[in-house]
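Okay, entry.txt is below, compact mmCIF, C-alpha atoms:
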# COMPACT_ATOMS: atom_id res chain seq x y z
CA MET A 1 15.33 -5.28 -23.33
CA ASN A 2 11.58 -5.53 -23.82
CA ILE A 3 9.66 -5.92 -20.58
CA ARG A 4 6.21 -7.41 -20.18
CA PHE A 5 5.05 -5.04 -17.46
CA HIS A 6 5.61 -1.89 -19.48
CA THR A 7 3.83 0.35 -16.93
CA LEU A 8 5.91 -0.85 -13.98
CA PRO A 9 8.89 1.53 -14.40
CA SER A 10 6.59 4.57 -14.43
CA LEU A 11 4.59 3.16 -11.49
CA LEU A 12 7.73 2.70 -9.39
CA SER A 13 8.86 6.20 -10.29
CA ASP A 14 5.47 7.69 -9.40
CA MET A 15 5.38 5.93 -6.02
CA GLU A 16 8.83 7.27 -5.17
CA LYS A 17 7.96 10.77 -6.38
CA LYS A 18 4.72 10.92 -4.38
CA ASN A 19 6.17 9.23 -1.31
CA TRP A 20 3.75 6.29 -1.29
CA VAL A 21 4.76 2.75 -0.44
CA ILE A 22 1.45 0.91 -0.95
CA ASP A 23 -1.43 1.26 -3.39
CA ALA A 24 -4.25 -0.89 -4.73
CA PHE A 25 -6.43 -1.51 -7.75
CA GLN A 26 -9.22 -3.89 -8.74
CA PHE A 27 -9.53 -6.46 -11.49
CA THR A 28 -11.36 -9.66 -12.38
CA TYR A 29 -9.56 -12.80 -13.51
CA ASN A 30 -11.32 -16.06 -14.43
CA THR A 31 -14.55 -14.48 -13.11
CA ILE A 32 -12.94 -13.87 -9.67
CA PRO A 33 -13.13 -10.18 -8.65
CA CYS A 34 -10.04 -9.12 -6.71
CA TYR A 35 -8.16 -6.34 -5.08
CA CYS A 36 -4.45 -6.20 -5.78
CA LEU A 37 -2.32 -4.39 -3.23
CA PHE A 38 1.21 -3.62 -4.34
CA THR A 39 3.96 -2.59 -1.95
CA LEU A 40 7.49 -1.32 -2.40
CA TYR A 41 10.29 -3.21 -0.69
CA ASP A 42 11.90 -1.39 2.21
CA THR A 43 15.50 -0.34 1.65
CA ASN A 44 17.04 -3.09 3.79
CA GLU A 45 14.32 -5.68 3.28
CA LYS A 46 15.41 -9.08 2.01
CA LYS A 47 13.92 -9.81 -1.39
CA PRO A 48 12.99 -13.27 -2.71
CA SER A 49 14.91 -12.36 -5.86
CA ASP A 50 17.33 -9.61 -6.85
CA ASN A 51 14.89 -8.75 -9.64
CA ALA A 52 11.81 -8.41 -7.39
CA LYS A 53 10.23 -4.95 -7.68
CA LEU A 54 6.86 -5.14 -5.90
CA LYS A 55 5.24 -7.25 -3.21
CA LEU A 56 1.71 -8.24 -4.23
CA ASP A 57 -1.34 -9.21 -2.19
CA PHE A 58 -4.29 -10.62 -4.13
CA ILE A 59 -7.48 -10.37 -2.09
CA HIS A 60 -10.92 -11.73 -2.91
CA LYS A 61 -13.32 -8.83 -3.29
CA ASN A 62 -16.16 -10.84 -1.76
CA ASN A 63 -14.06 -12.08 1.17
CA THR A 64 -11.20 -9.79 2.12
CA ASP A 65 -9.86 -12.36 4.59
CA GLU A 66 -8.92 -14.60 1.66
CA CYS A 67 -5.54 -13.54 0.28
CA ILE A 68 -2.51 -14.94 -1.53
CA LYS A 69 0.89 -13.30 -1.78
CA ALA A 70 3.27 -12.96 -4.70
CA TYR A 71 5.89 -10.64 -6.09
CA ALA A 72 6.51 -9.06 -9.46
CA ASP A 73 9.62 -8.36 -11.47
CA PHE A 74 9.49 -6.71 -14.88
CA GLN A 75 8.43 -9.92 -16.64
CA GLU A 76 6.39 -12.17 -14.36
CA VAL A 77 4.33 -12.51 -11.21
CA LYS A 78 5.85 -15.14 -8.94
CA PHE A 79 3.39 -17.08 -6.79
CA LYS A 80 4.13 -19.44 -3.91
CA SER A 81 2.68 -22.47 -5.68
CA VAL A 82 0.52 -23.59 -8.59
CA SER A 83 -2.08 -25.08 -6.27
CA GLU A 84 -2.47 -21.87 -4.28
CA PHE A 85 -2.83 -19.85 -7.47
CA CYS A 86 -5.39 -22.25 -8.96
CA ASN A 87 -7.43 -22.48 -5.77
CA PHE A 88 -7.59 -18.71 -5.41
CA PHE A 89 -8.62 -18.05 -9.01
CA ASN A 90 -10.79 -21.18 -9.25
CA ILE A 91 -8.78 -22.65 -12.12
CA LYS A 92 -9.59 -26.29 -12.87
CA GLY A 93 -7.73 -28.97 -14.79
CA ASN A 94 -4.12 -29.98 -15.33
CA GLY A 95 -2.94 -27.62 -18.02
CA ASN A 96 0.55 -26.48 -18.89
CA TYR A 97 1.64 -24.74 -15.70
CA ARG A 98 4.21 -22.60 -17.49
CA ASP A 99 1.51 -21.28 -19.81
CA LEU A 100 -0.73 -20.79 -16.78
CA PHE A 101 1.58 -18.19 -15.29
CA ILE A 102 2.49 -16.66 -18.65
CA ASN A 103 -1.20 -16.20 -19.41
CA PHE A 104 -1.71 -14.48 -16.08
CA ALA A 105 1.34 -12.26 -16.61
CA ASP A 106 0.06 -11.24 -20.04
CA PHE A 107 -3.27 -10.34 -18.45
CA PHE A 108 -1.63 -8.56 -15.51
CA SER A 109 0.33 -6.37 -17.91
CA THR A 110 -2.98 -4.96 -19.18
CA VAL A 111 -4.31 -3.95 -15.75
CA LEU A 112 -1.20 -2.87 -13.82
CA PRO A 113 -1.47 0.92 -13.47
CA LYS A 114 1.26 3.34 -14.47
CA GLU A 115 0.69 5.65 -11.50
CA ILE A 116 -0.92 5.62 -8.08
CA THR A 117 -4.52 6.73 -7.50
CA LYS A 118 -5.11 8.89 -4.45
CA ASN A 119 -8.90 9.11 -4.46
CA LYS A 120 -9.82 5.54 -3.62
CA PRO A 121 -12.89 3.53 -2.62
CA ARG A 122 -13.15 3.16 1.15
CA THR A 123 -12.50 -0.58 1.12
CA GLU A 124 -9.22 -0.10 -0.69
CA GLU A 125 -8.21 2.58 1.81
CA ILE A 126 -8.92 0.24 4.72
CA LEU A 127 -6.94 -2.60 3.13
CA ILE A 128 -4.00 -0.27 2.55
CA ALA A 129 -4.16 1.08 6.11
CA ARG A 130 -3.94 -2.44 7.52
CA ARG A 131 -0.63 -2.92 5.75
CA LEU A 132 0.77 0.52 6.41
CA GLU A 133 0.83 -0.14 10.15
CA PRO A 134 0.25 -3.88 10.74
CA ASP A 135 0.66 -3.51 14.52
CA ASN A 136 -2.33 -1.16 14.59
CA PRO A 137 -4.25 -2.16 11.45
CA ASN A 138 -7.63 -0.56 12.20
CA ALA A 139 -6.37 2.80 13.42
CA ILE A 140 -7.50 5.35 10.82
CA TYR A 141 -8.98 8.14 12.98
CA CYS A 142 -6.49 10.95 13.59
CA PHE A 143 -6.48 12.48 17.06
CA ASP A 144 -3.11 14.23 17.41
CA ILE A 145 0.21 15.36 15.94
CA ARG A 146 3.40 15.20 17.98
CA ARG A 147 7.04 15.99 17.54
CA ASN A 148 9.51 13.12 17.29
CA GLY A 149 12.33 14.71 19.25
CA HIS A 150 15.99 14.45 18.33
CA ASP A 151 18.59 11.75 17.90
CA GLU A 152 21.78 11.47 19.96
CA ASN A 153 23.51 13.92 17.63
CA GLY A 154 20.81 16.54 18.02
CA ASN A 155 19.29 16.00 14.59
CA ASN A 156 15.54 15.94 14.19
CA ASN A 157 13.97 12.49 14.08
CA VAL A 158 11.72 12.14 11.05
CA ARG A 159 8.39 10.40 10.66
CA SER A 160 8.11 7.28 8.56
CA VAL A 161 6.99 7.27 4.95
CA ARG A 162 4.15 4.97 6.01
CA ASN A 163 2.91 7.49 8.57
CA SER A 164 3.00 10.21 5.92
CA GLN A 165 0.97 8.15 3.48
CA LYS A 166 -1.58 7.24 6.14
CA ALA A 167 -2.00 10.88 7.09
CA GLU A 168 -2.39 11.92 3.48
CA MET A 169 -5.12 9.32 3.05
CA PHE A 170 -7.10 9.78 6.28
CA CYS A 171 -6.50 13.38 7.40
CA SER A 172 -5.49 15.12 4.21
CA ASP A 173 -6.19 18.70 5.35
CA LEU A 174 -4.01 18.27 8.42
CA TYR A 175 -1.33 16.52 6.38
CA GLU A 176 -1.22 19.35 3.84
CA ARG A 177 -0.55 21.84 6.62
CA PHE A 178 2.36 19.90 8.12
CA LYS A 179 3.73 17.63 5.39
CA SER A 180 6.95 19.65 5.08
CA ASP A 181 7.65 19.36 8.82
CA THR A 182 8.96 15.80 8.93
CA ASN A 183 9.72 16.01 12.66
CA LEU A 184 5.97 15.63 13.25
CA SER A 185 4.09 12.33 13.29
CA PHE A 186 0.36 11.78 13.02
CA PHE A 187 -1.41 9.65 15.62
CA PHE A 188 -4.42 7.45 14.89
CA SER A 189 -6.97 5.47 16.85
CA GLU A 190 -9.17 2.56 15.80
CA ASN A 191 -12.09 4.12 17.67
CA PRO A 192 -14.12 6.60 15.57
CA SER A 193 -15.11 8.51 18.71
CA ASP A 194 -11.44 9.34 19.34
CA GLU A 195 -11.14 11.32 16.11
CA VAL A 196 -10.42 15.00 16.70
CA LYS A 197 -11.42 17.80 14.35
CA LEU A 198 -8.76 19.75 12.52
CA GLU A 199 -9.33 22.98 14.44
CA GLU A 200 -9.00 21.25 17.80
CA ILE A 201 -5.80 19.45 16.80
CA LEU A 202 -4.33 22.76 15.67
CA ARG A 203 -5.36 24.45 18.91
CA ARG A 204 -3.79 21.74 21.06
CA PHE A 205 -0.66 21.76 18.96
CA SER A 206 -0.21 25.53 19.26
CA GLU A 207 -0.64 25.33 23.04
CA ARG A 208 1.83 22.47 23.38
CA TYR A 209 4.58 23.91 21.19
Would you encode the structure as structure tokens?
Amino acid sequence: MNIRFHTLPSLLSDMEKKNWVIDAFQFTYNTIPCYCLFTLYDTNEKKPSDNAKLKLDFIHKNNTDECIKAYADFQEVKFKSVSEFCNFFNIKGNGNYRDLFINFADFFSTVLPKEITKNKPRTEEILIARRLEPDNPNAIYCFDIRRNGHDENGNNNVRSVRNSQKAEMFCSDLYERFKSDTNLSFFFSENPSDEVKLEEILRRFSERY
């Protein structure tokens, strides 16, 4: 079967291979510059459709508080409503609504990446971080690494994929040293003054363990 979003299979594969759950890119549609954040569904997360592959957040580049949500399958982007879509992208008139979404899907197929991009502009990193850990959205300054203990059967608890991605983005040198030790989690603060240098984190860790 032909699919409209021809880069989506390779993008999904790349995200799984590199252990990332969220990424972002930029585009302009109908003169509206946007960020698009795309997120994998969690294993047990309820999907709006059996065919849904990615959660999408479209965010105005000039006002990052303005956002609409959607999801993508291999053929289309599904928005909540026509009015929300038109208001966000400043689309006027009463055209054929089916063509409206088909036109956007055709455009989206030309900008959807085929792989993640790790070296990102700071604004994109911040937007991703807010969604990696929504309960602590502004915490991006690493100050510690700690072991996660064991479960009731004595097996090591493992850190979350989201914590791994955040560490890779915001404390890459530290992450590279400990990425294979999944019993460790990385701890972040929203206060820049709480950030601890790599050497000091390593010293504290060696003393503790």
Show me the residues close to (2.5, 17.2, 20.6) - anything with an atom within 7 Å, counting all atoms listed in the file - and format the list as a list in words.
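Neighbouring residues, ordered by chain and number, come to Ile145, Arg146, Arg147, Phe205 and Arg208 of chain A.
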Rank A:Phe74, A:Asn163, A:Asn30, A:Arg204 by their smallest atom-to-atom distance to Lys92 (chain A), using all atoms listed in the file, and report the top residue only.
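For Lys92 (chain A), the nearest of the given residues is A:Asn30.
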Quick check, in Å to one decimal: how far apart do CA of Thr39 (chain A) and CA of Ile3 (chain A) lie?
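Between CA of Thr39 (chain A) and CA of Ile3 (chain A) the gap works out to 19.8 Å.
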Nearest to Glu125 (chain A), chosen from A:Ala24, A:Ala52, A:Ile59, A:Leu8, with all atoms listed in the file counted in the distances
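Closest to Glu125 (chain A) of all the choices is A:Ala24.
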Counting all atoms listed in the file, I want the residues whose atoms come within 8 Å of (5.7, 4.8, -1.4) in the file frame, returned as a PyMOL selection string.
chain A and resi 15-16+18-22+39-40+161-162+165
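Between CA of Ser164 (chain A) and CA of Ser49 (chain A) there is a distance of 28.1 Å.
For the set A:Tyr29, A:Phe58, A:Lys47, A:Pro113, the residue with the smallest atom-to-atom gap to Asn90 (chain A) is A:Tyr29, counting all atoms listed in the file.
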To box region 154-173 of chain A, take all atoms listed in the file, fit an axis-aligned box, add 4 Å on each side, and give centre and edge lengths in Å to one decimal, as lines of an AutoDock Vina configuration file.
center_x = 6.9
center_y = 11.8
center_z = 10.5
size_x = 35.9
size_y = 21.7
size_z = 23.0
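The gap separating CA of Ala72 (chain A) from CA of Arg122 (chain A) is 25.5 Å, in Å to one decimal.
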Residues at most 8 Å from Ser109 (chain A), counting only C-alpha atoms, excluding those fewer than 2 positions away in the same chain, as a ChimeraX atom specification?
/A:4-7,105-107,111-112
Residues just named, written with C-alpha atoms as a compact mmCIF listing (two decimals), in the frame of the given file:
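Result written to selection_23.txt:
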# COMPACT_ATOMS: atom_id res chain seq x y z
CA ARG A 4 6.21 -7.41 -20.18
CA PHE A 5 5.05 -5.04 -17.46
CA HIS A 6 5.61 -1.89 -19.48
CA THR A 7 3.83 0.35 -16.93
CA ALA A 105 1.34 -12.26 -16.61
CA ASP A 106 0.06 -11.24 -20.04
CA PHE A 107 -3.27 -10.34 -18.45
CA VAL A 111 -4.31 -3.95 -15.75
CA LEU A 112 -1.20 -2.87 -13.82
Restricting to all atoms listed in the file, whichever of A:Phe108, A:Phe25, A:Phe88, A:Tyr175 is closest to Phe38 (chain A) is A:Phe25
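The smallest atom-to-atom distance between Lys166 (chain A) and any of A:Glu133, A:Asp42, A:Glu200, A:Asp14, using all atoms listed in the file, is found for A:Glu133.
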Polymer residues at most 12 Å from Asn136 (chain A), all atoms listed in the file, same-chain spacing of 5 or more positions, as a list of chain:residue names:
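What passes the distance filter is A:Ile126, A:Ala129, A:Arg130, A:Arg131, A:Tyr141, A:Asn163, A:Lys166, A:Phe187, A:Phe188, A:Ser189, A:Glu190, A:Asn191.
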Among the residues A:Ser172, A:Asn155, A:Asn51, A:Ser193, the one that comes closest to Asp73 (chain A) [using only C-alpha atoms]
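Using only C-alpha atoms, Asp73 (chain A) sits closest to A:Asn51.
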